[in-house]
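K.L.:
Dumping the structure here so I can ask a few things about it.
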Amino acid sequence: MAQAKLKSGSDPAERRRMKEILRVLRRTYPEAKCSLDFGSPFQLLVATILSAQCTDARVNQVTPALFRRFGTPEKLARAELAEIEALIQSTGFFRSKARALKESARAIVDEHGGELPRELEILTALRGVGRKTANVVLGVAYGLPGLVVDTHVKRLARRMGFTRTADAGKIERELMEVVPKEEWTELAHLFIAHGREICTARIARCEECPVARLCPKIGAR
């Protein structure tokens, strides 16, 4: 399919189109929310770090035992790397993730009094924490504006014609232009739910899509 001309996010028509897409997706996925299990902002940070290159379902199988042993920054900072690695091994890249978890926990204890920061720039200074992870924590744990750009959000933003880039940072900025700040977190939940159910990476089931009339279907197959 030929690419549609990408309109500026400042275009009122594009903001209206996004508003209608979100309205339909809210009705379609009324229970859309973060699928990671956690009991505190710090535990959400840990779970999100573990979710890199891993399914949320697998992470949720691993974190109960991990949180029973090391559910606070203080406990995780004192943990032996080998024990952390053993607990998270099935999530993949477990050695680098274990180091990231331990070093981030130590920084939270030493530099922030054991309290997980609420500022994106400070969160992203922690080892293993990029903008995606920081925005998950801000939006889900703290209820602050955070626009998460994961693989589903990237794919849907491109297919729906809101971006042409594959760069997560640029996509984040472009989506911010068409979505009110108070809806940033919700957009990610809805796009992720739709990306898992209908607009998948393998195939876009446009004939079943409730927002097909609003989508240029760029790159869909």
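By convention in this document, the chains of the structure tokens carry letters A, B, ... by their order, each chain's residues are numbered from 1, and ligands are numbered from 1 in the order they are shown.
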Could you list, as a PyMOL selection string, every residue within 7 Å of region 73-84 of chain A, counting only C-alpha atoms and ignoring same-chain residues fewer than 6 positions away?
P.N.:
chain A and resi 98-99+102-103+105-106+108-109+114
K.L.:
Report the closest atom pair, with its distance in Å rounded to one decimal, for each residue of region 15-60 of chain A that has an atom no farther than 7 Å from region 170-194 of chain A; count only C-alpha atoms, sort by chain and then rising residue number, and write it as a tab-separated table.
P.N.:
residue	atom	partner	partner_atom	distance
A:Arg15	CA	A:Val178	CA	4.6
A:Met18	CA	A:Val178	CA	6.6
A:Leu25	CA	A:Leu190	CA	6.2
A:Arg26	CA	A:Leu190	CA	6.9
A:Tyr29	CA	A:Leu190	CA	6.8
A:Ala32	CA	A:His189	CA	5.6
A:Lys33	CA	A:His189	CA	5.3
A:Cys34	CA	A:His189	CA	6.5
K.L.:
Which residue gives the smallest distance to Arg27 (chain A) among A:Ala157, A:Leu101, A:Val211, A:Pro216, with only C-alpha atoms counted?
P.N.:
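Among A:Ala157, A:Leu101, A:Val211, A:Pro216, it is A:Val211 that comes nearest to Arg27 (chain A).
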K.L.:
Which residues are close to Asn60 (chain A), i.e. within 9 Å by only C-alpha atoms, leaving aside same-chain residues fewer than 5 positions away? Reply as a short mmCIF file (atom, residue, chain, number, x, y, z; two decimals) with N, CA and C atoms, in the first residue's frame.
P.N.:
data_model
loop_
_atom_site.label_atom_id
_atom_site.label_comp_id
_atom_site.auth_asym_id
_atom_site.auth_seq_id
_atom_site.Cartn_x
_atom_site.Cartn_y
_atom_site.Cartn_z
N SER A 35 0.27 -4.82 32.48
CA SER A 35 0.09 -6.24 32.77
C SER A 35 1.15 -6.81 33.71
N LEU A 36 2.07 -5.98 34.16
CA LEU A 36 3.09 -6.43 35.11
C LEU A 36 2.54 -6.37 36.53
N ASP A 37 2.86 -7.39 37.33
CA ASP A 37 2.43 -7.43 38.73
C ASP A 37 3.49 -6.77 39.61
N PHE A 38 3.04 -5.94 40.55
CA PHE A 38 3.98 -5.25 41.43
C PHE A 38 3.25 -4.77 42.68
N ALA A 47 10.33 -5.04 37.65
CA ALA A 47 9.60 -5.85 36.68
C ALA A 47 9.76 -5.31 35.27
N THR A 55 8.54 -11.64 27.79
CA THR A 55 7.11 -11.36 27.90
C THR A 55 6.75 -10.96 29.33
#
K.L.:
Which distance in Å separates CA of Leu44 (chain A) and CA of Leu156 (chain A), to one decimal?
P.N.:
24.5 Å
K.L.:
Please identify all polymer residues within 12 Å of Val129 (chain A), counting only C-alpha atoms, omitting same-chain residues fewer than 4 positions from it, and present them as a PyMOL selection string.
P.N.:
chain A and resi 44-52+97+100-101+103-105+120-125+133-137
K.L.:
Considering only C-alpha atoms, state which residue in the set A:Arg159, A:Ala107, A:His152, A:Gly143 is at the smallest distance from Leu214 (chain A).
P.N.:
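Of A:Arg159, A:Ala107, A:His152, A:Gly143, the one nearest Leu214 (chain A), counting only C-alpha atoms, is A:Arg159.
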K.L.:
Which of region 34-132 of chain A end up as alpha helix (DSSP H) when DSSP is run on this backbone - answer as a ChimeraX atom specification?
P.N.:
/A:41-50,56-70,73-78,81-88,94-112,120-123,131-132
K.L.:
Which one is closest to Ala201 (chain A): A:Lys154, A:Gly161, A:Ala65, A:Ala13? Count only C-alpha atoms.
P.N.:
A:Lys154
K.L.:
So which residues touch Ala204 (chain A) within 10 Å, counting only C-alpha atoms, skipping near sequence neighbours fewer than 4 positions away, as an MDAnalysis selection string?
P.N.:
chainID A and resid 156 159 195 197:200 208:209 217 219:221
